[in-house]
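Dumped my_file29.pdb below, it's PDB, C-alpha atoms and all ligand atoms:
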```pdb
MODEL        1
ATOM      1  CA  MET W   1      17.470   7.077  -0.526
ATOM      2  CA  SER W   2      13.760   6.563   0.039
ATOM      3  CA  VAL W   3      11.660   4.812  -2.576
ATOM      4  CA  GLN W   4       9.484   7.023  -4.783
ATOM      5  CA  HIS W   5       6.018   5.467  -4.960
ATOM      6  CA  ILE W   6       2.964   6.787  -6.821
ATOM      7  CA  ILE W   7       0.068   6.131  -4.473
ATOM      8  CA  GLU W   8      -2.370   9.023  -4.615
ATOM      9  CA  VAL W   9      -3.194  11.983  -6.801
ATOM     10  CA  GLY W  10      -2.349  14.342  -3.934
ATOM     11  CA  GLN W  11       1.294  13.840  -4.904
ATOM     12  CA  PHE W  12       0.605  15.719  -8.150
ATOM     13  CA  CYS W  13      -0.826  18.663  -6.263
ATOM     14  CA  ASP W  14       2.810  19.794  -5.926
ATOM     15  CA  PRO W  15       2.989  22.229  -8.865
ATOM     16  CA  ALA W  16       6.726  21.906  -9.464
ATOM     17  CA  LEU W  17       6.591  18.128  -9.701
ATOM     18  CA  ARG W  18       3.414  18.171 -11.776
ATOM     19  CA  GLU W  19       4.772  20.691 -14.268
ATOM     20  CA  SER W  20       8.029  18.839 -14.597
ATOM     21  CA  LEU W  21       6.247  15.524 -15.307
ATOM     22  CA  LEU W  22       3.818  17.101 -17.769
ATOM     23  CA  GLY W  23       6.697  18.859 -19.515
ATOM     24  CA  ARG W  24       8.639  15.618 -19.801
ATOM     25  CA  ALA W  25       5.542  13.848 -21.183
ATOM     26  CA  ALA W  26       5.253  16.577 -23.834
ATOM     27  CA  GLU W  27       8.902  16.006 -24.755
ATOM     28  CA  PHE W  28       8.242  12.309 -25.217
ATOM     29  CA  ALA W  29       5.163  13.080 -27.302
ATOM     30  CA  ALA W  30       7.238  15.234 -29.639
ATOM     31  CA  MET W  31      10.162  12.786 -29.859
ATOM     32  CA  PRO W  32      10.578  10.408 -32.782
ATOM     33  CA  LEU W  33      10.480   6.789 -31.564
ATOM     34  CA  GLN W  34      14.108   6.163 -32.482
ATOM     35  CA  ASP W  35      15.242   9.044 -30.275
ATOM     36  CA  TYR W  36      13.783   7.654 -27.044
ATOM     37  CA  PRO W  37      16.453   7.356 -24.374
ATOM     38  CA  SER W  38      16.935   4.060 -22.538
ATOM     39  CA  PRO W  39      17.215   5.094 -18.898
ATOM     40  CA  LEU W  40      15.519   1.885 -17.803
ATOM     41  CA  ALA W  41      17.797  -0.486 -19.708
ATOM     42  CA  SER W  42      18.472  -3.674 -17.700
ATOM     43  CA  ASN W  43      15.561  -2.848 -15.399
ATOM     44  CA  THR W  44      12.385  -4.868 -15.182
ATOM     45  CA  VAL W  45       8.918  -3.452 -14.619
ATOM     46  CA  ALA W  46       6.267  -5.806 -13.234
ATOM     47  CA  THR W  47       2.619  -5.167 -14.051
ATOM     48  CA  LEU W  48       0.473  -6.842 -11.423
ATOM     49  CA  PHE W  49      -3.189  -6.442 -12.350
ATOM     50  CA  TYR W  50      -5.905  -8.015 -10.212
ATOM     51  CA  GLU W  51      -8.587  -6.222 -12.241
ATOM     52  CA  PRO W  52      -9.071  -6.080 -16.018
ATOM     53  CA  SER W  53      -7.307  -3.387 -18.012
ATOM     54  CA  THR W  54      -6.504  -2.585 -21.613
ATOM     55  CA  ARG W  55      -5.154   0.948 -21.766
ATOM     56  CA  THR W  56      -3.506   1.270 -18.381
ATOM     57  CA  ARG W  57      -1.608  -2.003 -18.494
ATOM     58  CA  LEU W  58      -0.615  -1.844 -22.144
ATOM     59  CA  SER W  59       0.399   1.818 -21.987
ATOM     60  CA  PHE W  60       2.548   1.169 -18.917
ATOM     61  CA  GLU W  61       4.127  -1.838 -20.610
ATOM     62  CA  THR W  62       4.741   0.089 -23.831
ATOM     63  CA  ALA W  63       6.106   3.030 -21.839
ATOM     64  CA  ALA W  64       8.505   0.755 -19.956
ATOM     65  CA  GLN W  65       9.702  -0.898 -23.156
ATOM     66  CA  ASN W  66      10.090   2.445 -24.934
ATOM     67  CA  LEU W  67      12.558   3.401 -22.183
ATOM     68  CA  GLY W  68      14.472   0.157 -22.456
ATOM     69  CA  ALA W  69      12.977  -1.899 -19.611
ATOM     70  CA  HIS W  70      11.863  -5.510 -19.662
ATOM     71  CA  ILE W  71       8.367  -6.465 -18.566
ATOM     72  CA  VAL W  72       7.008  -9.249 -16.395
ATOM     73  CA  SER W  73       3.282  -9.292 -16.293
ATOM     74  CA  THR W  74       0.290 -11.013 -14.807
ATOM     75  CA  GLU W  75      -3.221 -10.026 -15.729
ATOM     76  CA  ASN W  76      -6.219 -11.294 -13.826
ATOM     77  CA  ALA W  77      -3.792 -11.835 -10.976
ATOM     78  CA  GLY W  78      -6.725 -12.649  -8.717
ATOM     79  CA  ASP W  79      -7.478 -15.740 -10.812
ATOM     80  CA  TYR W  80      -4.129 -16.758 -12.236
ATOM     81  CA  SER W  81      -1.564 -15.828  -9.609
ATOM     82  CA  SER W  82      -1.037 -17.325  -6.178
ATOM     83  CA  ALA W  83      -3.744 -14.976  -4.891
ATOM     84  CA  SER W  84      -6.142 -17.702  -6.030
ATOM     85  CA  LYS W  85      -4.427 -19.972  -3.484
ATOM     86  CA  GLY W  86      -4.841 -17.396  -0.755
ATOM     87  CA  GLU W  87      -1.558 -15.512  -0.978
ATOM     88  CA  THR W  88      -1.735 -11.992   0.456
ATOM     89  CA  LEU W  89      -0.954  -8.917  -1.615
ATOM     90  CA  GLU W  90       1.944  -8.193   0.722
ATOM     91  CA  ASP W  91       3.579 -11.574   0.090
ATOM     92  CA  THR W  92       3.140 -11.219  -3.662
ATOM     93  CA  ILE W  93       4.803  -7.797  -3.537
ATOM     94  CA  ARG W  94       7.708  -9.106  -1.454
ATOM     95  CA  THR W  95       8.237 -11.816  -4.040
ATOM     96  CA  LEU W  96       7.936  -9.604  -7.099
ATOM     97  CA  GLU W  97      10.396  -7.027  -5.811
ATOM     98  CA  GLY W  98      13.031  -9.731  -6.168
ATOM     99  CA  TYR W  99      12.352  -9.774  -9.906
ATOM    100  CA  ALA W 100      11.445  -6.192 -10.786
ATOM    101  CA  GLN W 101      12.658  -2.678 -10.016
ATOM    102  CA  THR W 102       9.143  -1.205 -10.152
ATOM    103  CA  ILE W 103       5.701  -2.743  -9.616
ATOM    104  CA  VAL W 104       2.659  -1.281 -11.382
ATOM    105  CA  LEU W 105      -0.359  -2.442  -9.398
ATOM    106  CA  ARG W 106      -4.113  -2.505 -10.015
ATOM    107  CA  HIS W 107      -6.301  -4.013  -7.320
ATOM    108  CA  LYS W 108      -9.904  -3.888  -6.151
ATOM    109  CA  ASP W 109      -9.118  -2.558  -2.668
ATOM    110  CA  ASP W 110      -9.016   1.202  -2.107
ATOM    111  CA  ASP W 111      -5.979   0.853   0.181
ATOM    112  CA  SER W 112      -4.085  -1.671  -1.972
ATOM    113  CA  ALA W 113      -1.360   0.645  -3.265
ATOM    114  CA  GLN W 114      -0.834   2.030   0.231
ATOM    115  CA  ARG W 115      -0.521  -1.471   1.667
ATOM    116  CA  ALA W 116       1.839  -2.580  -1.077
ATOM    117  CA  SER W 117       4.057   0.468  -0.551
ATOM    118  CA  LYS W 118       4.416  -0.339   3.157
ATOM    119  CA  VAL W 119       6.217  -3.590   2.385
ATOM    120  CA  ALA W 120       7.874  -2.747  -0.927
ATOM    121  CA  ALA W 121      11.548  -1.898  -1.360
ATOM    122  CA  VAL W 122      10.891  -0.879  -4.986
ATOM    123  CA  PRO W 123       8.492   1.807  -6.289
ATOM    124  CA  ILE W 124       4.804   0.905  -6.332
ATOM    125  CA  VAL W 125       2.789   2.652  -9.030
ATOM    126  CA  ASN W 126      -0.929   2.764  -8.374
ATOM    127  CA  ALA W 127      -2.671   1.852 -11.633
ATOM    128  CA  GLY W 128      -6.148   1.913 -10.089
ATOM    129  CA  ALA W 129      -7.110   1.087  -6.518
ATOM    130  CA  GLY W 130     -10.731   0.137  -5.973
ATOM    131  CA  LYS W 131     -13.118   3.076  -6.047
ATOM    132  CA  GLY W 132     -10.619   5.472  -4.554
ATOM    133  CA  GLU W 133      -7.665   6.463  -6.665
ATOM    134  CA  HIS W 134      -6.291   6.334 -10.179
ATOM    135  CA  PRO W 135      -3.556   8.974  -9.966
ATOM    136  CA  THR W 136      -1.773   8.301 -13.252
ATOM    137  CA  GLN W 137      -5.081   8.569 -15.121
ATOM    138  CA  ALA W 138      -5.729  11.947 -13.488
ATOM    139  CA  LEU W 139      -2.339  13.196 -14.656
ATOM    140  CA  LEU W 140      -2.940  12.060 -18.232
ATOM    141  CA  ASP W 141      -6.410  13.606 -18.096
ATOM    142  CA  LEU W 142      -4.855  16.892 -17.007
ATOM    143  CA  TYR W 143      -2.259  16.617 -19.779
ATOM    144  CA  THR W 144      -5.123  16.188 -22.249
ATOM    145  CA  ILE W 145      -7.051  19.177 -20.863
ATOM    146  CA  ASN W 146      -3.892  21.301 -21.044
ATOM    147  CA  GLU W 147      -3.268  20.242 -24.614
ATOM    148  CA  ALA W 148      -6.825  20.894 -25.762
ATOM    149  CA  LYS W 149      -7.770  23.920 -23.665
ATOM    150  CA  GLY W 150      -4.472  25.406 -22.520
ATOM    151  CA  GLY W 151      -5.188  24.464 -18.888
ATOM    152  CA  PRO W 152      -8.135  23.824 -16.588
ATOM    153  CA  GLU W 153      -8.323  27.304 -15.048
ATOM    154  CA  GLY W 154     -11.784  28.777 -15.372
ATOM    155  CA  LEU W 155     -13.301  25.741 -17.076
ATOM    156  CA  ARG W 156     -16.644  24.211 -16.276
ATOM    157  CA  VAL W 157     -15.974  20.475 -16.068
ATOM    158  CA  GLY W 158     -18.920  18.084 -16.159
ATOM    159  CA  PHE W 159     -18.441  14.570 -14.810
ATOM    160  CA  VAL W 160     -21.091  12.264 -16.211
ATOM    161  CA  GLY W 161     -22.123   8.742 -15.206
ATOM    162  CA  ASP W 162     -20.950   6.763 -12.211
ATOM    163  CA  LEU W 163     -19.563   9.396  -9.875
ATOM    164  CA  LYS W 164     -19.944   7.129  -6.875
ATOM    165  CA  HIS W 165     -17.624   4.290  -7.885
ATOM    166  CA  GLY W 166     -15.469   5.960 -10.551
ATOM    167  CA  ARG W 167     -11.899   6.231  -9.311
ATOM    168  CA  THR W 168     -10.902   8.270 -12.380
ATOM    169  CA  VAL W 169     -13.518  10.850 -11.378
ATOM    170  CA  HIS W 170     -12.358  10.904  -7.767
ATOM    171  CA  SER W 171      -8.714  11.411  -8.689
ATOM    172  CA  LEU W 172      -9.318  13.997 -11.409
ATOM    173  CA  VAL W 173     -11.762  16.018  -9.322
ATOM    174  CA  THR W 174      -9.174  16.147  -6.525
ATOM    175  CA  LEU W 175      -6.496  17.365  -8.907
ATOM    176  CA  LEU W 176      -8.719  19.977 -10.576
ATOM    177  CA  ARG W 177      -9.501  21.574  -7.190
ATOM    178  CA  GLU W 178      -5.898  22.837  -7.282
ATOM    179  CA  PHE W 179      -6.666  25.202 -10.150
ATOM    180  CA  SER W 180      -8.447  28.505  -9.842
ATOM    181  CA  GLY W 181     -11.880  28.989 -11.291
ATOM    182  CA  VAL W 182     -12.593  25.337 -12.113
ATOM    183  CA  GLU W 183     -16.317  24.689 -11.767
ATOM    184  CA  VAL W 184     -17.218  21.085 -11.023
ATOM    185  CA  VAL W 185     -20.538  19.844 -12.374
ATOM    186  CA  GLY W 186     -21.771  16.362 -11.459
ATOM    187  CA  ILE W 187     -24.284  14.680 -13.764
ATOM    188  CA  ALA W 188     -25.484  11.342 -12.445
ATOM    189  CA  PRO W 189     -28.521   9.464 -11.200
ATOM    190  CA  GLU W 190     -28.955   9.849  -7.476
ATOM    191  CA  CYS W 191     -27.894   6.282  -6.778
ATOM    192  CA  LEU W 192     -24.500   6.957  -8.405
ATOM    193  CA  ALA W 193     -23.994  10.501  -7.109
ATOM    194  CA  MET W 194     -20.647  12.026  -6.156
ATOM    195  CA  PRO W 195     -19.668  10.995  -2.599
ATOM    196  CA  GLU W 196     -19.757  13.859  -0.080
ATOM    197  CA  ALA W 197     -15.989  13.659   0.426
ATOM    198  CA  TYR W 198     -15.382  14.897  -3.123
ATOM    199  CA  LYS W 199     -18.034  17.628  -3.145
ATOM    200  CA  ARG W 200     -17.287  21.301  -2.506
ATOM    201  CA  PRO W 201     -19.504  24.342  -2.059
ATOM    202  CA  GLY W 202     -20.234  25.887  -5.438
ATOM    203  CA  ASP W 203     -20.426  22.585  -7.334
ATOM    204  CA  LYS W 204     -23.524  22.020  -9.443
ATOM    205  CA  TYR W 205     -25.346  18.720  -9.655
ATOM    206  CA  TYR W 206     -27.809  17.552 -12.332
ATOM    207  CA  ASP W 207     -29.626  14.340 -13.055
ATOM    208  CA  ASP W 208     -29.643  14.610 -16.821
ATOM    209  CA  LEU W 209     -27.015  15.464 -19.390
ATOM    210  CA  ALA W 210     -29.291  17.351 -21.795
ATOM    211  CA  THR W 211     -29.866  20.135 -19.254
ATOM    212  CA  ALA W 212     -26.236  20.496 -18.245
ATOM    213  CA  ILE W 213     -24.446  20.103 -21.565
ATOM    214  CA  PRO W 214     -24.788  23.611 -23.101
ATOM    215  CA  THR W 215     -22.612  25.196 -20.404
ATOM    216  CA  LEU W 216     -19.832  22.606 -20.181
ATOM    217  CA  ASP W 217     -16.279  23.139 -21.410
ATOM    218  CA  VAL W 218     -15.197  19.595 -20.598
ATOM    219  CA  ILE W 219     -17.625  16.682 -20.816
ATOM    220  CA  TYR W 220     -15.956  13.858 -18.881
ATOM    221  CA  MET W 221     -18.000  10.734 -19.569
ATOM    222  CA  THR W 222     -17.672   7.524 -17.535
ATOM    223  CA  ARG W 223     -19.171   4.056 -17.640
ATOM    224  CA  VAL W 224     -21.227   2.655 -14.800
ATOM    225  CA  GLN W 225     -18.933   0.415 -12.740
ATOM    226  CA  ASP W 226     -21.450  -2.369 -12.722
ATOM    227  CA  GLU W 227     -18.976  -4.840 -11.198
ATOM    228  CA  ARG W 228     -18.836  -2.714  -8.034
ATOM    229  CA  ILE W 229     -22.615  -2.610  -7.569
ATOM    230  CA  THR W 230     -23.814  -5.179  -5.078
ATOM    231  CA  ASP W 231     -27.308  -3.829  -4.434
ATOM    232  CA  GLU W 232     -29.870  -4.942  -7.041
ATOM    233  CA  THR W 233     -32.113  -1.947  -6.361
ATOM    234  CA  VAL W 234     -29.243   0.368  -7.346
ATOM    235  CA  ARG W 235     -28.762  -1.610 -10.555
ATOM    236  CA  THR W 236     -32.462  -1.367 -11.399
ATOM    237  CA  GLU W 237     -32.493   2.334 -10.578
ATOM    238  CA  TYR W 238     -29.548   3.312 -12.751
ATOM    239  CA  GLN W 239     -30.700   1.146 -15.638
ATOM    240  CA  ALA W 240     -34.088   2.864 -15.566
ATOM    241  CA  SER W 241     -32.457   6.283 -16.014
ATOM    242  CA  ALA W 242     -29.491   5.274 -18.212
ATOM    243  CA  ASP W 243     -30.817   7.138 -21.285
ATOM    244  CA  ARG W 244     -30.412  10.472 -19.517
ATOM    245  CA  PHE W 245     -26.641   9.997 -19.344
ATOM    246  CA  VAL W 246     -25.919   8.919 -22.917
ATOM    247  CA  LEU W 247     -24.032  11.286 -25.219
ATOM    248  CA  ASP W 248     -24.966  11.036 -28.889
ATOM    249  CA  ALA W 249     -24.535  13.212 -31.960
ATOM    250  CA  GLY W 250     -27.915  14.856 -31.326
ATOM    251  CA  LEU W 251     -26.875  15.983 -27.863
ATOM    252  CA  MET W 252     -23.501  17.145 -29.177
ATOM    253  CA  ARG W 253     -25.374  19.770 -31.195
ATOM    254  CA  ARG W 254     -26.277  21.398 -27.866
ATOM    255  CA  ALA W 255     -22.677  21.367 -26.600
ATOM    256  CA  LYS W 256     -20.343  24.369 -26.890
ATOM    257  CA  GLU W 257     -18.435  24.621 -30.129
ATOM    258  CA  ASP W 258     -15.142  24.451 -28.265
ATOM    259  CA  ALA W 259     -16.156  21.864 -25.670
ATOM    260  CA  ILE W 260     -14.121  18.666 -25.398
ATOM    261  CA  VAL W 261     -15.425  15.170 -24.731
ATOM    262  CA  MET W 262     -13.225  12.909 -22.634
ATOM    263  CA  HIS W 263     -13.652   9.369 -21.322
ATOM    264  CA  PRO W 264     -11.120   7.191 -19.462
ATOM    265  CA  LEU W 265     -12.548   4.257 -21.447
ATOM    266  CA  PRO W 266     -13.795   1.566 -21.805
ATOM    267  CA  ARG W 267     -17.176   2.896 -22.860
ATOM    268  CA  VAL W 268     -20.154   0.602 -22.805
ATOM    269  CA  GLY W 269     -22.839   2.559 -24.604
ATOM    270  CA  GLU W 270     -22.695   5.912 -22.816
ATOM    271  CA  ILE W 271     -21.103   7.549 -25.886
ATOM    272  CA  THR W 272     -22.653   6.405 -29.137
ATOM    273  CA  PRO W 273     -20.241   5.794 -32.052
ATOM    274  CA  ASP W 274     -21.764   8.699 -34.019
ATOM    275  CA  VAL W 275     -19.881  11.050 -31.666
ATOM    276  CA  ASP W 276     -16.458   9.605 -32.561
ATOM    277  CA  ASP W 277     -15.884  11.719 -35.683
ATOM    278  CA  ASP W 278     -16.810  14.940 -33.932
ATOM    279  CA  PRO W 279     -13.537  16.916 -33.546
ATOM    280  CA  ARG W 280     -14.553  17.676 -29.969
ATOM    281  CA  ALA W 281     -14.366  13.951 -29.087
ATOM    282  CA  ILE W 282     -10.797  13.432 -27.878
ATOM    283  CA  TYR W 283     -11.035  10.214 -25.850
ATOM    284  CA  PHE W 284      -8.753   8.188 -28.109
ATOM    285  CA  LYS W 285      -6.212  10.996 -28.090
ATOM    286  CA  GLN W 286      -6.541  10.976 -24.303
ATOM    287  CA  ALA W 287      -5.728   7.248 -24.225
ATOM    288  CA  HIS W 288      -2.733   7.867 -26.482
ATOM    289  CA  ASN W 289      -1.471  10.637 -24.195
ATOM    290  CA  GLY W 290      -1.379   8.072 -21.402
ATOM    291  CA  LEU W 291       1.658   6.513 -23.023
ATOM    292  CA  PHE W 292       3.753   9.694 -22.813
ATOM    293  CA  VAL W 293       2.608  10.551 -19.307
ATOM    294  CA  ARG W 294       3.482   7.036 -18.132
ATOM    295  CA  MET W 295       6.899   7.240 -19.761
ATOM    296  CA  ALA W 296       7.526  10.397 -17.733
ATOM    297  CA  LEU W 297       6.218   8.730 -14.572
ATOM    298  CA  LEU W 298       8.316   5.588 -14.942
ATOM    299  CA  GLU W 299      11.412   7.618 -15.676
ATOM    300  CA  TRP W 300      10.757   9.618 -12.521
ATOM    301  CA  VAL W 301      10.097   6.779 -10.087
ATOM    302  CA  MET W 302      12.915   4.659 -11.491
ATOM    303  CA  GLY W 303      15.438   7.288 -10.599
ATOM    304  CA  GLY W 304      15.432   9.693 -13.504
ATOM    305  CA  ALA W 305      14.243  13.226 -14.061
ATOM    306  CA  ALA W 306      11.507  15.408 -12.471
TER
HETATM  307  C1  LIG W 401     -10.858   3.125 -15.839
HETATM  308  C2  LIG W 401     -10.497   2.346 -14.606
HETATM  309  O1  LIG W 401     -10.036   1.204 -14.695
HETATM  310  O2  LIG W 401     -10.663   2.915 -13.552
HETATM  311  N1  LIG W 401     -10.197   2.783 -16.983
HETATM  312  C3  LIG W 401      -8.902   3.215 -17.176
HETATM  313  O3  LIG W 401      -8.023   2.976 -16.387
HETATM  314  N2  LIG W 401      -8.656   3.950 -18.266
HETATM  315  C4  LIG W 401     -12.299   3.335 -16.006
HETATM  316  C5  LIG W 401     -13.227   2.165 -15.977
HETATM  317  O4  LIG W 401     -12.867   1.026 -15.783
HETATM  318  O5  LIG W 401     -14.411   2.453 -16.143
ENDMDL
END
```

Hey, can you dump this file as structure tokens for me?
Ligand code: NCD
Amino acid sequence: MSVQHIIEVGQFCDPALRESLLGRAAEFAAMPLQDYPSPLASNTVATLFYEPSTRTRLSFETAAQNLGAHIVSTENAGDYSSASKGETLEDTIRTLEGYAQTIVLRHKDDDSAQRASKVAAVPIVNAGAGKGEHPTQALLDLYTINEAKGGPEGLRVGFVGDLKHGRTVHSLVTLLREFSGVEVVGIAPECLAMPEAYKRPGDKYYDDLATAIPTLDVIYMTRVQDERITDETVRTEYQASADRFVLDAGLMRRAKEDAIVMHPLPRVGEITPDVDDDPRAIYFKQAHNGLFVRMALLEWVMGGAA
């Protein structure tokens, strides 16, 4: 039997698979903790993170433990694993698959999950690959949109912030193209604009949030991925216009009454804390949903349902 990896969001463009995973996540969300099954008992999940993470790593680890698995984990693998001695990703994967039945990987290279899957005999789960893909985040984002709005069809979805480097934006935008009537709105300074590859005719692009906000159904905020910016002129340029992409309680007064505010988190100032108590702000709920979606995903790749 071939190994079931999770490499790219395109895999969730299969409606039957997507619906089955989302349905299973909803079952987990409704289940009391003590009723969780243990399909992963005696299995080990390895979390191999070469880039920082709070939500993704901890939700995967909690998800694995909720289903009975053990965890082996390395964070900052670039600094604290043998990568610091020059070991290749491929060799690390070949080693880890001797210890774990699934490897959840985050790495700075866009093709990292792909490369890992070429050598791995166990499932690789892409938990963020460079600027390119963050498929499990896109699925939990979709789960959250479904829960709050009944589905993405016909919604006007505004992506705000760093649309150039944001892998959560790239994966979610790709997934949303599958649904009819979704209008994509990009709101970013020019130096952080949506790459051409993700644009489609009919999209709208703005360079300030105040103008765009009254028409949006989903306000998907993102932080600037400062660690991926190597050009100082880009840094100076985005910093000069940063105020135009900050969401605060004042701006929320211009948003639709039934809009929702999402953010993959972490935020670093682009949503002020006075927005947090607004019932339209659902970013912490979104992070919580990640747990149930990742339980469904681990159950699937480790040989279970879906
Ligand atoms: C994001 C990521 O790592 O891509 N966070 C996450 O996984 N929830 C967003 C970010 O780092 O800005």

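Distances from W:Ala30, W:Met262, W:Glu299, W:Ser112 to W:Gln65 were compared using only C-alpha atoms, and the smallest one belongs to W:Glu299.
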
Checklist line | Expected answer as a ChimeraX atom specification: residues within 7 Å of ligand LIG 401 (chain W), all atoms listed in the file | finding: /W:53,55-56,128,134,137,166-168,222-225,264-266

Notebook entry, point to check: Could you spell out the hits of the PyMOL selection byres (((chain W and resi 10-27) around 10) and not hetatm) on the shown file, as a ChimeraX atom specification?
Noted result: /W:5-9,28-32,36,133,135-136,138-140,142-143,146-147,171,174-179,289-297,299-300,305-306

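Closest to W:Lys204 among W:Phe60, W:Phe159, W:Tyr283, W:Tyr50 is W:Phe159, based on only C-alpha atoms.
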
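Restricting the calculation to all atoms listed in the file, the smallest distance between W:Leu216 and any of W:Val185, W:Leu48, W:Leu163, W:Val246 is found for W:Val185.
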
For stretch 201-212 of chain W, take all atoms listed in the file, fit an axis-aligned box around them, add 3 Å to each of the six sides, then output centre and edge lengths in Å rounded to one decimal, as lines of an AutoDock Vina configuration file.
```
center_x = -24.7
center_y = 20.1
center_z = -11.9
size_x = 16.4
size_y = 17.5
size_z = 25.7
```

Written-out stretch 6-40 of chain W (C-alpha atoms) as a PDB file, in the first residue's frame:
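Dumped to decode-v2.pdb:
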```pdb
ATOM      1  CA  ILE W   6       0.073  15.518   3.056  1.00  0.00           C
ATOM      2  CA  ILE W   7       2.235  17.709   0.853  1.00  0.00           C
ATOM      3  CA  GLU W   8       0.091  20.334  -0.832  1.00  0.00           C
ATOM      4  CA  VAL W   9      -3.330  21.888  -0.515  1.00  0.00           C
ATOM      5  CA  GLY W  10      -4.253  20.576  -3.967  1.00  0.00           C
ATOM      6  CA  GLN W  11      -4.919  17.241  -2.265  1.00  0.00           C
ATOM      7  CA  PHE W  12      -7.898  18.832  -0.492  1.00  0.00           C
ATOM      8  CA  CYS W  13      -9.357  20.003  -3.775  1.00  0.00           C
ATOM      9  CA  ASP W  14     -10.860  16.493  -3.982  1.00  0.00           C
ATOM     10  CA  PRO W  15     -14.344  17.214  -2.591  1.00  0.00           C
ATOM     11  CA  ALA W  16     -15.016  13.715  -1.277  1.00  0.00           C
ATOM     12  CA  LEU W  17     -11.797  13.600   0.717  1.00  0.00           C
ATOM     13  CA  ARG W  18     -12.189  17.173   1.935  1.00  0.00           C
ATOM     14  CA  GLU W  19     -15.762  16.654   3.103  1.00  0.00           C
ATOM     15  CA  SER W  20     -14.889  13.432   4.835  1.00  0.00           C
ATOM     16  CA  LEU W  21     -11.986  15.061   6.730  1.00  0.00           C
ATOM     17  CA  LEU W  22     -14.029  18.125   7.673  1.00  0.00           C
ATOM     18  CA  GLY W  23     -16.879  15.896   8.827  1.00  0.00           C
ATOM     19  CA  ARG W  24     -14.532  13.824  10.963  1.00  0.00           C
ATOM     20  CA  ALA W  25     -13.041  17.010  12.467  1.00  0.00           C
ATOM     21  CA  ALA W  26     -16.568  18.139  13.388  1.00  0.00           C
ATOM     22  CA  GLU W  27     -17.151  14.781  15.083  1.00  0.00           C
ATOM     23  CA  PHE W  28     -14.009  15.235  17.141  1.00  0.00           C
ATOM     24  CA  ALA W  29     -15.059  18.774  18.034  1.00  0.00           C
ATOM     25  CA  ALA W  30     -18.374  17.495  19.369  1.00  0.00           C
ATOM     26  CA  MET W  31     -16.870  14.521  21.236  1.00  0.00           C
ATOM     27  CA  PRO W  32     -16.185  14.626  24.964  1.00  0.00           C
ATOM     28  CA  LEU W  33     -12.457  14.140  25.636  1.00  0.00           C
ATOM     29  CA  GLN W  34     -12.989  10.798  27.351  1.00  0.00           C
ATOM     30  CA  ASP W  35     -14.719   9.405  24.264  1.00  0.00           C
ATOM     31  CA  TYR W  36     -11.780   9.935  21.902  1.00  0.00           C
ATOM     32  CA  PRO W  37     -10.806   6.691  20.207  1.00  0.00           C
ATOM     33  CA  SER W  38      -7.187   5.524  20.293  1.00  0.00           C
ATOM     34  CA  PRO W  39      -6.501   4.468  16.713  1.00  0.00           C
ATOM     35  CA  LEU W  40      -2.893   5.592  17.019  1.00  0.00           C
TER      36      LEU W  40
END
```
